[in-house]
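Here's coords-v7.txt, which has compact mmCIF, C-alpha atoms and all ligand atoms:
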```txt
# COMPACT_ATOMS: atom_id res chain seq x y z
CA MET A 1 -7.76 27.44 -56.59
CA THR A 2 -7.18 23.66 -56.91
CA ALA A 3 -3.69 24.22 -58.22
CA ASN A 4 -3.10 26.53 -55.30
CA MET A 5 -4.40 23.91 -52.79
CA ASP A 6 -2.15 21.30 -54.36
CA ALA A 7 0.80 23.59 -53.84
CA VAL A 8 -0.26 24.26 -50.22
CA ARG A 9 -0.57 20.50 -49.53
CA ALA A 10 2.78 19.87 -51.16
CA GLN A 11 4.25 22.59 -48.98
CA ILE A 12 2.77 21.02 -45.80
CA ALA A 13 3.96 17.56 -46.88
CA GLU A 14 7.41 19.05 -47.35
CA GLU A 15 7.32 20.45 -43.80
CA VAL A 16 6.02 17.20 -42.28
CA LYS A 17 8.37 14.70 -43.87
CA VAL A 18 11.52 13.56 -42.16
CA ASP A 19 14.20 11.00 -42.94
CA LEU A 20 15.72 9.55 -39.80
CA SER A 21 17.53 6.72 -41.54
CA SER A 22 20.06 9.16 -42.97
CA LEU A 23 21.09 10.05 -39.42
CA LEU A 24 22.75 6.68 -39.14
CA GLU A 25 25.92 5.60 -40.84
CA PRO A 26 25.76 1.99 -42.07
CA ASP A 27 27.75 0.61 -39.15
CA ASP A 28 26.34 2.86 -36.37
CA ASN A 29 24.16 0.07 -35.02
CA MET A 30 27.16 -2.26 -35.02
CA LYS A 31 28.91 0.32 -32.86
CA GLY A 32 25.77 0.45 -30.72
CA PHE A 33 25.93 -3.32 -30.14
CA GLN A 34 29.60 -2.98 -29.27
CA GLU A 35 28.73 -0.30 -26.68
CA VAL A 36 25.95 -2.46 -25.22
CA SER A 37 28.37 -5.38 -24.92
CA ARG A 38 30.64 -3.18 -22.78
CA SER A 39 28.02 -1.51 -20.59
CA PHE A 40 27.33 -2.67 -17.03
CA ILE A 41 24.73 0.03 -16.37
CA SER A 42 21.57 -2.09 -16.68
CA ASP A 43 20.02 -4.98 -18.59
CA THR A 44 17.39 -2.60 -19.98
CA ILE A 45 19.96 -1.49 -22.57
CA THR A 46 19.96 -4.87 -24.33
CA ALA A 47 19.20 -4.14 -27.98
CA PRO A 48 16.94 -5.94 -30.47
CA THR A 49 18.97 -7.97 -32.97
CA PRO A 50 18.35 -8.34 -36.72
CA ASP A 51 17.09 -11.91 -36.08
CA MET A 52 14.61 -10.67 -33.52
CA TYR A 53 13.39 -7.96 -35.91
CA ALA A 54 13.10 -10.47 -38.75
CA TYR A 55 10.88 -12.65 -36.55
CA ALA A 56 8.89 -9.60 -35.37
CA ALA A 57 8.16 -8.65 -38.97
CA LYS A 58 6.15 -11.89 -39.31
CA ALA A 59 3.63 -10.69 -36.71
CA SER A 60 -0.02 -9.91 -37.46
CA ILE A 61 -1.06 -6.32 -37.95
CA GLY A 62 -4.28 -6.02 -35.92
CA ASP A 63 -5.23 -3.22 -33.54
CA ALA A 64 -4.69 -4.42 -29.96
CA VAL A 65 -7.49 -2.28 -28.51
CA TYR A 66 -9.86 -4.36 -30.70
CA HIS A 67 -8.24 -7.62 -31.80
CA GLU A 68 -4.56 -8.30 -32.41
CA PRO A 69 -3.94 -12.00 -33.16
CA THR A 70 -0.19 -12.20 -32.37
CA THR A 71 -0.70 -10.24 -29.16
CA LEU A 72 -3.66 -12.37 -28.08
CA ALA A 73 -1.64 -15.54 -28.75
CA PHE A 74 1.26 -14.10 -26.75
CA GLU A 75 -1.03 -13.20 -23.84
CA ALA A 76 -2.52 -16.72 -23.90
CA HIS A 77 1.00 -18.17 -23.80
CA MET A 78 1.97 -15.94 -20.88
CA ALA A 79 -1.16 -17.00 -18.97
CA LYS A 80 -0.26 -20.62 -19.62
CA ILE A 81 3.40 -20.47 -18.51
CA THR A 82 2.53 -18.48 -15.38
CA GLY A 83 -0.40 -20.77 -14.48
CA LYS A 84 -2.83 -17.84 -14.39
CA GLU A 85 -6.18 -17.45 -16.14
CA ASP A 86 -5.34 -14.44 -18.26
CA ALA A 87 -2.58 -11.99 -19.25
CA LEU A 88 -2.32 -8.42 -20.48
CA PHE A 89 0.52 -6.94 -22.55
CA LEU A 90 1.61 -3.49 -21.34
CA PRO A 91 4.20 -0.96 -22.48
CA SER A 92 6.28 -0.95 -19.29
CA GLY A 93 6.95 -2.63 -15.97
CA THR A 94 6.00 0.55 -14.15
CA MET A 95 2.58 0.67 -15.80
CA SER A 96 2.12 -3.02 -15.15
CA ASN A 97 2.84 -2.68 -11.41
CA GLN A 98 0.73 0.45 -11.07
CA ILE A 99 -2.23 -1.02 -12.92
CA ALA A 100 -1.97 -4.18 -10.81
CA LEU A 101 -2.19 -2.15 -7.61
CA ARG A 102 -5.00 0.03 -8.96
CA THR A 103 -6.90 -3.08 -9.97
CA HIS A 104 -6.49 -4.89 -6.65
CA LEU A 105 -7.29 -1.90 -4.47
CA LYS A 106 -11.06 -1.59 -4.39
CA GLN A 107 -12.14 0.93 -1.79
CA PRO A 108 -9.98 3.24 0.37
CA PRO A 109 -8.59 3.38 2.96
CA TYR A 110 -5.95 0.88 2.00
CA ALA A 111 -2.20 0.46 1.94
CA VAL A 112 0.50 -1.42 0.10
CA LEU A 113 3.06 -3.19 2.23
CA CYS A 114 6.39 -3.79 0.54
CA ASP A 115 10.13 -4.18 0.92
CA HIS A 116 11.66 -0.72 1.39
CA ARG A 117 13.94 -1.30 -1.63
CA SER A 118 11.14 -2.17 -4.02
CA HIS A 119 10.93 -0.52 -7.42
CA ILE A 120 7.33 0.44 -6.70
CA VAL A 121 8.23 2.70 -3.80
CA ARG A 122 11.58 3.93 -5.01
CA TYR A 123 11.43 4.35 -8.76
CA GLU A 124 7.81 4.68 -9.85
CA ALA A 125 7.49 8.41 -9.24
CA GLY A 126 5.13 8.03 -6.28
CA GLY A 127 2.62 6.29 -8.55
CA THR A 128 0.99 4.26 -5.78
CA ALA A 129 -0.14 7.40 -3.99
CA PHE A 130 -0.95 9.23 -7.22
CA HIS A 131 -2.88 6.56 -9.11
CA SER A 132 -4.37 4.54 -6.26
CA GLY A 133 -4.41 6.98 -3.35
CA ALA A 134 -2.73 4.24 -1.33
CA HIS A 135 -0.29 4.51 1.49
CA SER A 136 2.95 2.56 0.93
CA GLN A 137 4.12 0.85 4.06
CA MET A 138 7.80 0.06 3.64
CA VAL A 139 9.36 -2.74 5.61
CA VAL A 140 13.07 -3.35 6.16
CA PRO A 141 13.68 -7.13 6.12
CA SER A 142 14.93 -8.14 9.55
CA ASN A 143 17.38 -10.63 7.99
CA GLY A 144 18.75 -7.95 5.63
CA HIS A 145 17.89 -10.00 2.53
CA HIS A 146 14.21 -10.79 2.10
CA LEU A 147 10.93 -10.26 3.94
CA THR A 148 9.74 -13.03 6.19
CA VAL A 149 6.28 -13.84 7.43
CA ALA A 150 7.37 -12.47 10.85
CA ASP A 151 8.23 -9.12 9.20
CA ILE A 152 4.82 -9.07 7.56
CA GLU A 153 2.91 -10.01 10.71
CA GLU A 154 4.74 -7.31 12.62
CA ASN A 155 4.02 -4.58 10.11
CA ILE A 156 0.69 -5.43 8.57
CA VAL A 157 -2.33 -3.29 9.34
CA LEU A 158 -5.15 -5.58 8.45
CA GLY A 159 -7.30 -4.47 5.60
CA THR A 160 -4.18 -3.57 3.61
CA ASP A 161 -3.01 -5.13 0.42
CA LEU A 162 0.43 -6.60 0.05
CA HIS A 163 3.08 -6.15 -2.56
CA ARG A 164 6.43 -7.86 -2.75
CA HIS A 165 9.42 -7.08 -4.90
CA VAL A 166 12.20 -9.61 -5.21
CA ALA A 167 15.50 -10.35 -6.85
CA LEU A 168 15.97 -13.92 -5.84
CA PHE A 169 13.56 -14.69 -3.06
CA ALA A 170 13.32 -17.41 -0.48
CA TYR A 171 10.60 -19.48 -2.05
CA ASP A 172 9.51 -21.30 1.11
CA GLU A 173 9.18 -17.98 2.89
CA ILE A 174 7.06 -16.57 0.06
CA ILE A 175 4.73 -19.53 0.38
CA ARG A 176 4.43 -18.90 4.13
CA ILE A 177 3.75 -15.19 3.50
CA SER A 178 1.18 -16.06 0.86
CA GLU A 179 -0.65 -18.47 3.17
CA TYR A 180 -0.68 -15.89 5.93
CA ALA A 181 -1.73 -13.01 3.64
CA HIS A 182 -4.54 -15.00 2.08
CA SER A 183 -5.74 -16.24 5.47
CA VAL A 184 -6.31 -12.60 6.48
CA GLY A 185 -7.82 -11.60 3.12
CA VAL A 186 -4.79 -9.72 1.75
CA LYS A 187 -3.83 -9.84 -1.93
CA MET A 188 -0.28 -10.54 -3.14
CA HIS A 189 1.28 -8.87 -6.17
CA LEU A 190 4.77 -9.73 -7.41
CA ASP A 191 6.94 -7.30 -9.33
CA GLY A 192 8.55 -10.14 -11.27
CA ALA A 193 10.57 -7.89 -13.56
CA ARG A 194 13.42 -10.43 -13.52
CA ILE A 195 11.51 -13.58 -12.60
CA TRP A 196 13.17 -15.24 -15.62
CA HIS A 197 16.51 -15.09 -13.86
CA VAL A 198 15.05 -16.67 -10.75
CA ALA A 199 13.56 -19.55 -12.76
CA ALA A 200 16.83 -20.04 -14.68
CA GLU A 201 18.91 -19.99 -11.51
CA THR A 202 16.76 -22.01 -9.10
CA GLY A 203 15.16 -24.47 -11.51
CA ILE A 204 11.73 -23.58 -10.08
CA SER A 205 9.26 -23.21 -12.96
CA VAL A 206 7.80 -19.79 -13.77
CA LYS A 207 4.39 -21.27 -12.95
CA ASP A 208 5.48 -22.38 -9.46
CA LEU A 209 7.19 -19.04 -8.82
CA CYS A 210 3.96 -17.22 -9.71
CA ALA A 211 1.66 -19.57 -7.76
CA PRO A 212 1.80 -17.78 -4.36
CA PHE A 213 0.74 -14.49 -5.96
CA ASP A 214 -2.65 -13.18 -7.08
CA SER A 215 -0.98 -11.12 -9.80
CA VAL A 216 2.49 -10.95 -11.30
CA SER A 217 4.17 -8.41 -13.57
CA LEU A 218 6.83 -9.94 -15.83
CA CYS A 219 9.19 -7.72 -17.84
CA LEU A 220 10.27 -8.65 -21.34
CA SER A 221 12.53 -5.69 -22.06
CA LYS A 222 15.18 -6.28 -19.40
CA GLY A 223 17.17 -9.49 -19.05
CA LEU A 224 15.25 -11.14 -21.88
CA GLY A 225 16.28 -8.49 -24.35
CA ALA A 226 12.96 -7.59 -26.02
CA PRO A 227 12.74 -3.91 -26.92
CA ILE A 228 9.39 -3.15 -25.29
CA GLY A 229 6.87 -4.55 -22.90
CA SER A 230 5.75 -6.23 -19.74
CA CYS A 231 2.94 -8.64 -19.07
CA LEU A 232 0.50 -8.60 -16.17
CA VAL A 233 -1.11 -11.92 -15.27
CA GLY A 234 -3.92 -12.91 -12.92
CA THR A 235 -7.51 -14.13 -12.89
CA LYS A 236 -9.83 -13.43 -15.81
CA GLU A 237 -11.77 -10.95 -13.71
CA PHE A 238 -8.57 -9.19 -12.59
CA VAL A 239 -7.19 -8.93 -16.13
CA ALA A 240 -10.52 -7.69 -17.52
CA LYS A 241 -10.45 -4.85 -15.02
CA ALA A 242 -6.73 -4.24 -15.61
CA ARG A 243 -7.49 -3.98 -19.36
CA TRP A 244 -9.94 -1.23 -18.54
CA PHE A 245 -7.35 0.57 -16.40
CA ARG A 246 -4.81 0.17 -19.19
CA LYS A 247 -7.11 2.26 -21.40
CA LEU A 248 -7.61 4.78 -18.58
CA PHE A 249 -3.84 5.06 -18.07
CA GLY A 250 -3.41 5.69 -21.82
CA GLY A 251 -1.67 2.38 -22.34
CA GLY A 252 -4.08 0.92 -24.90
CA MET A 253 -1.77 0.39 -27.87
CA ARG A 254 -2.58 -0.44 -31.46
CA GLN A 255 -0.39 -2.57 -33.79
CA THR A 256 1.48 -4.35 -31.01
CA GLY A 257 1.99 -7.59 -32.98
CA PHE A 258 5.63 -6.83 -33.72
CA MET A 259 6.28 -6.06 -30.05
CA THR A 260 4.79 -9.29 -28.75
CA ALA A 261 6.49 -11.25 -31.51
CA ALA A 262 9.84 -9.76 -30.43
CA ALA A 263 8.98 -10.79 -26.86
CA ALA A 264 8.15 -14.31 -28.07
CA TYR A 265 11.53 -14.44 -29.81
CA ALA A 266 13.15 -13.37 -26.51
CA LEU A 267 11.36 -16.10 -24.56
CA THR A 268 12.43 -18.74 -27.06
CA HIS A 269 16.00 -17.68 -27.84
CA ASN A 270 17.16 -15.51 -24.94
CA PHE A 271 15.70 -17.16 -21.86
CA PRO A 272 17.96 -20.24 -22.34
CA ARG A 273 20.98 -17.92 -22.33
CA LEU A 274 20.45 -16.69 -18.75
CA PRO A 275 22.48 -19.45 -17.02
CA ALA A 276 25.50 -18.30 -19.05
CA VAL A 277 24.82 -14.71 -17.95
CA HIS A 278 24.80 -15.83 -14.32
CA ALA A 279 28.03 -17.77 -14.81
CA LEU A 280 29.67 -14.65 -16.29
CA THR A 281 28.38 -12.62 -13.32
CA ARG A 282 29.97 -15.10 -10.91
CA LYS A 283 33.21 -14.80 -12.86
CA LEU A 284 33.09 -11.04 -12.43
CA GLU A 285 32.39 -11.47 -8.71
CA ALA A 286 35.30 -13.92 -8.30
CA GLY A 287 37.66 -11.55 -10.15
CA LEU A 288 36.65 -8.62 -7.94
CA ARG A 289 37.11 -10.67 -4.77
CA GLU A 290 40.54 -11.76 -5.95
CA ILE A 291 41.58 -8.11 -6.34
CA GLY A 292 40.42 -7.44 -2.76
CA ILE A 293 37.17 -5.65 -3.60
CA ASP A 294 34.27 -5.94 -1.16
CA ILE A 295 31.13 -7.61 -2.49
CA LEU A 296 28.08 -6.03 -0.88
CA GLY A 297 25.59 -8.84 -0.71
CA PRO A 298 25.02 -12.22 -2.29
CA VAL A 299 25.55 -12.44 -6.06
CA GLU A 300 22.53 -14.52 -7.04
CA THR A 301 21.76 -13.83 -10.68
CA CYS A 302 22.99 -11.00 -12.92
CA MET A 303 24.04 -8.21 -10.56
CA VAL A 304 27.11 -7.52 -8.46
CA PHE A 305 27.15 -4.74 -5.86
CA PHE A 306 30.71 -3.85 -4.99
CA ASP A 307 32.79 -1.44 -2.93
CA PRO A 308 36.38 -0.73 -4.09
CA SER A 309 37.42 1.25 -1.00
CA PRO A 310 39.30 -1.67 0.65
CA VAL A 311 41.93 -1.32 -2.11
CA GLY A 312 41.92 2.46 -1.93
CA VAL A 313 40.06 2.97 -5.21
CA THR A 314 36.93 5.09 -5.73
CA TYR A 315 33.96 4.49 -8.02
CA ALA A 316 34.76 7.73 -9.84
CA GLU A 317 38.31 6.51 -10.64
CA ILE A 318 37.01 3.24 -12.05
CA ILE A 319 34.32 4.97 -14.09
CA GLU A 320 36.85 7.46 -15.48
CA ARG A 321 39.54 4.87 -16.32
CA ALA A 322 36.99 2.49 -17.90
CA ARG A 323 35.58 5.32 -19.99
CA ALA A 324 39.04 6.23 -21.23
CA LEU A 325 39.82 2.75 -22.63
CA PRO A 326 40.28 2.54 -26.44
CA GLU A 327 37.06 0.49 -26.35
CA PRO A 328 35.28 2.26 -23.48
CA ILE A 329 33.40 0.46 -20.73
CA LYS A 330 30.39 2.08 -19.08
CA LEU A 331 29.42 1.53 -15.50
CA GLY A 332 27.27 3.45 -13.08
CA GLY A 333 28.72 3.06 -9.62
CA SER A 334 28.34 0.26 -7.13
CA ARG A 335 25.94 -1.86 -9.22
CA LEU A 336 27.28 -3.92 -12.10
CA VAL A 337 24.68 -5.62 -14.31
CA VAL A 338 25.63 -8.46 -16.65
CA HIS A 339 23.24 -9.29 -19.51
CA ILE A 340 22.87 -11.51 -22.56
CA GLN A 341 24.87 -9.07 -24.68
CA THR A 342 27.73 -8.52 -22.22
CA SER A 343 30.97 -9.75 -23.78
CA PRO A 344 33.30 -11.90 -21.63
CA LYS A 345 36.09 -9.61 -22.90
CA ALA A 346 34.35 -6.61 -21.30
CA VAL A 347 34.37 -8.45 -17.96
CA GLU A 348 38.10 -9.18 -18.34
CA ASP A 349 38.83 -5.57 -19.35
CA LEU A 350 36.87 -4.17 -16.41
CA LEU A 351 38.73 -6.45 -14.01
CA SER A 352 42.06 -5.33 -15.55
CA VAL A 353 41.13 -1.67 -15.05
CA ILE A 354 40.27 -2.25 -11.40
CA ARG A 355 43.32 -4.49 -10.82
CA GLN A 356 45.62 -1.88 -12.30
CA LEU A 357 44.11 0.91 -10.20
CA ALA A 358 44.49 -1.24 -7.09
CA GLU A 359 48.14 -1.91 -7.94
CA GLU A 360 48.78 1.79 -8.49
CA LYS A 361 47.26 2.62 -5.11
CA LYS A 362 49.36 -0.05 -3.44
CA ALA A 363 52.51 1.25 -5.14
CA ALA A 364 51.60 4.74 -3.92
CA GLY A 365 51.55 3.42 -0.35
CA PHE A 366 47.88 2.58 0.23
CA VAL A 367 47.51 0.03 2.98
CA LYS A 368 44.28 -1.83 3.54
CA PRO A 369 42.80 -0.52 6.80
CA GLU A 370 42.50 -2.89 9.75
CA THR A 371 38.82 -2.07 10.15
CA PRO A 372 37.17 -2.42 6.74
CA LEU A 373 35.93 0.90 5.42
CA THR A 374 32.76 -0.88 4.39
CA ASN A 375 31.93 -1.95 7.93
CA GLY A 376 28.17 -1.91 8.36
CA ARG A 377 27.55 -0.53 4.89
CA SER A 378 25.55 -2.14 2.18
CA HIS A 379 24.73 -1.30 -1.43
CA LYS A 380 21.66 0.57 -0.23
CA ASN A 381 23.76 3.57 0.72
CA MET A 382 26.35 3.24 -2.02
CA LEU A 383 26.72 5.50 -5.01
CA PHE A 384 24.40 4.98 -7.97
CA LEU A 385 24.88 6.92 -11.16
CA TYR A 386 22.51 6.39 -14.10
C1 LIG A 401 12.48 -4.49 -10.44
C2 LIG A 401 11.90 -3.57 -11.47
N1 LIG A 401 10.56 -3.44 -11.54
C3 LIG A 401 9.99 -2.62 -12.44
C4 LIG A 401 10.75 -1.90 -13.34
C5 LIG A 401 10.05 -0.95 -14.28
O1 LIG A 401 10.14 -1.29 -15.60
P1 LIG A 401 10.00 -0.19 -16.76
O2 LIG A 401 11.31 0.50 -16.83
O3 LIG A 401 9.67 -1.02 -17.96
O4 LIG A 401 8.88 0.71 -16.36
C6 LIG A 401 12.15 -2.01 -13.31
C7 LIG A 401 12.99 -1.23 -14.25
O5 LIG A 401 14.18 -1.39 -14.38
C8 LIG A 401 12.74 -2.87 -12.34
O6 LIG A 401 14.07 -3.00 -12.24
```
Show how you would write the structure in this file as structure tokens.
Amino acid sequence: MTANMDAVRAQIAEEVKVDLSSLLEPDDNMKGFQEVSRSFISDTITAPTPDMYAYAAKASIGDAVYHEPTTLAFEAHMAKITGKEDALFLPSGTMSNQIALRTHLKQPPYAVLCDHRSHIVRYEAGGTAFHSGAHSQMVVPSNGHHLTVADIEENIVLGTDLHRHVALFAYDEIIRISEYAHSVGVKMHLDGARIWHVAAETGISVKDLCAPFDSVSLCLSKGLGAPIGSCLVGTKEFVAKARWFRKLFGGGMRQTGFMTAAAAYALTHNFPRLPAVHALTRKLEAGLREIGIDILGPVETCMVFFDPSPVGVTYAEIIERARALPEPIKLGGSRLVVHIQTSPKAVEDLLSVIRQLAEEKKAAGFVKPETPLTNGRSHKNMLFLY
């Protein structure tokens, strides 16, 4: 009987085991880094480096639902640099935003007022309605760039809560909105997924950028290059309740020490690299302009939105030609994202591809139209492929 059970267990163990490391050839990850360095799809593709992993391996091994020392130290650091009372580590920016809204919104009926382009309304799977039962009131900025206090006053239905998503926002205007919102008892949440870029570009500290908001979600796995995680910051009372919602949402994680250590490595080593990323982005923008490409909006940090139609070229042609290079380049349409692992050579190669296509079109007789094809268009209605 025992011998039989041993054989059964051995059989189950045989079925359960798996070796994933043999899937990889020794230099597959090197190839992966090479691909990342030539991809303009998003900054979420930035990959953890051996140095980052070596640092992460020094993390503590506690259970974060009970007590995880590295994670607690990381959260304390995040609270400190954002000037808030407390912080909560979460698996994703989406969960962080959704938990923030769920935590702020106390008793229906209520609504969330936000920029019509915000991640919360466009890319979070309708989570605001699903998780919080809240109406999302989307506002189109009257100046085409960022919401102003006049936009808010015009659209607010008092008793609503307020959410704002930004790339690089007009800081003075945010302060005005915050003063107005707080004077009428409305809470402010910032989806600060890329707040690091704003701090690096404007020289305004992360703490000052966060000050107008009651809560802020900061992503670690995008421009900063950590593999996982976002952090939600706010008052002690807010974070205590958000911690409870994290459990309810199924986001209570266990041995998160290595994740927060990787994020700490990113804050220390990758944040200082963002000015170089922005400089490379401006180089890309300048190169595109020189070819005659339309730039669809101000290039402020790490993204360029472009339209190649003034030189007779389509997105599909660029994507195809870039993919066919001996060292392929990936892009997804009108949005180009530059990140800490983008190689300057990839920028040059992409510009060469587009320049060559433009020259071919010219040689084939394409003449730039008198009225720009892009008239009245913006990146909002351009092609996005992911
Ligand atoms: C502005 C913004 N907010 C939130 C998120 C959501 O982050 P996650 O993909 O970690 O859920 C993203 C994702 O790219 C984003 O760009």
Counting all atoms listed in the file, which protein, DNA or RNA residues come within 6 Å of ligand LIG 401 (chain A), given as a list of chain:residue names?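 Those residues are A:Ser92, A:Gly93, A:Thr94, A:His119, A:Asp191, A:Ala193.
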Convert the current residue selection to file output with C-alpha atoms, as a short mmCIF file (atom, residue, chain, number, x, y, z; two decimals), in the frame of the given file.
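The new file again21.cif reads:
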```cif
data_model
loop_
_atom_site.label_atom_id
_atom_site.label_comp_id
_atom_site.auth_asym_id
_atom_site.auth_seq_id
_atom_site.Cartn_x
_atom_site.Cartn_y
_atom_site.Cartn_z
CA SER A 92 6.28 -0.95 -19.29
CA GLY A 93 6.95 -2.63 -15.97
CA THR A 94 6.00 0.55 -14.15
CA HIS A 119 10.93 -0.52 -7.42
CA ASP A 191 6.94 -7.30 -9.33
CA ALA A 193 10.57 -7.89 -13.56
#
```
CA of Val347 (chain A) to CA of Tyr123 (chain A): how many Å, to one decimal?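 Computing it gives 27.8 Å between the two atoms.
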Neighbours of Phe305 (chain A) within 7 Å (only C-alpha atoms; same-chain residues fewer than 3 positions away dropped), as an mmCIF file with C-alpha atoms, in the coordinates of the input?
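This is the output file result08.cif:
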```cif
data_model
loop_
_atom_site.group_PDB
_atom_site.id
_atom_site.type_symbol
_atom_site.label_atom_id
_atom_site.label_comp_id
_atom_site.auth_asym_id
_atom_site.auth_seq_id
_atom_site.Cartn_x
_atom_site.Cartn_y
_atom_site.Cartn_z
ATOM 1 C CA ILE A 295 31.130 -7.610 -2.490
ATOM 2 C CA LEU A 296 28.080 -6.030 -0.880
ATOM 3 C CA GLY A 297 25.590 -8.840 -0.710
ATOM 4 C CA SER A 334 28.340 0.260 -7.130
ATOM 5 C CA ARG A 335 25.940 -1.860 -9.220
ATOM 6 C CA LEU A 336 27.280 -3.920 -12.100
ATOM 7 C CA HIS A 379 24.730 -1.300 -1.430
#
```
Do you know which residues are at most 9 Å from Arg282 (chain A) counting only C-alpha atoms, after dropping those on the same chain fewer than 4 positions away, and could you put them as a PyMOL selection string? chain A and resi 277-278+286-287+299-302+304
Rounded to one decimal in Å, what is the spacing between CA of Pro227 (chain A) and CA of Thr44 (chain A)?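 Atom-to-atom, CA of Pro227 (chain A) and CA of Thr44 (chain A) are spaced 8.5 Å apart.
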Top pick for closest residue to Ser217 (chain A), considering A:Gly257, A:Gly126, A:Gly229, A:Gly250 and counting only C-alpha atoms: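 Checking each of A:Gly257, A:Gly126, A:Gly229, A:Gly250 against Ser217 (chain A), counting only C-alpha atoms, the winner is A:Gly229.
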Per-residue nearest contacts of region 211-301 of chain A to region 26-40 of chain A (12 Å; only C-alpha atoms) as a Markdown table:
```
| residue | atom | partner | partner_atom | distance |
| --- | --- | --- | --- | --- |
| A:Gly225 | CA | A:Val36 | CA | 11.4 |
| A:Thr281 | CA | A:Phe40 | CA | 10.7 |
| A:Leu284 | CA | A:Phe40 | CA | 11.2 |
```
Polymer residues at most 10 Å from Arg102 (chain A), only C-alpha atoms, same-chain spacing of 2 or more positions, as a list in words: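 Those residues are Ser96, Asn97, Gln98, Ile99, Ala100, His104, Leu105, Lys106, Gly127, Thr128, His131, Ser132, Gly133, Ala134, Lys241, Ala242 and Phe245 of chain A.
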In Å, rounded to a single decimal, give me how far CA of Lys247 (chain A) is from CA of Ile228 (chain A).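 Here the two named atoms are 17.8 Å from each other.
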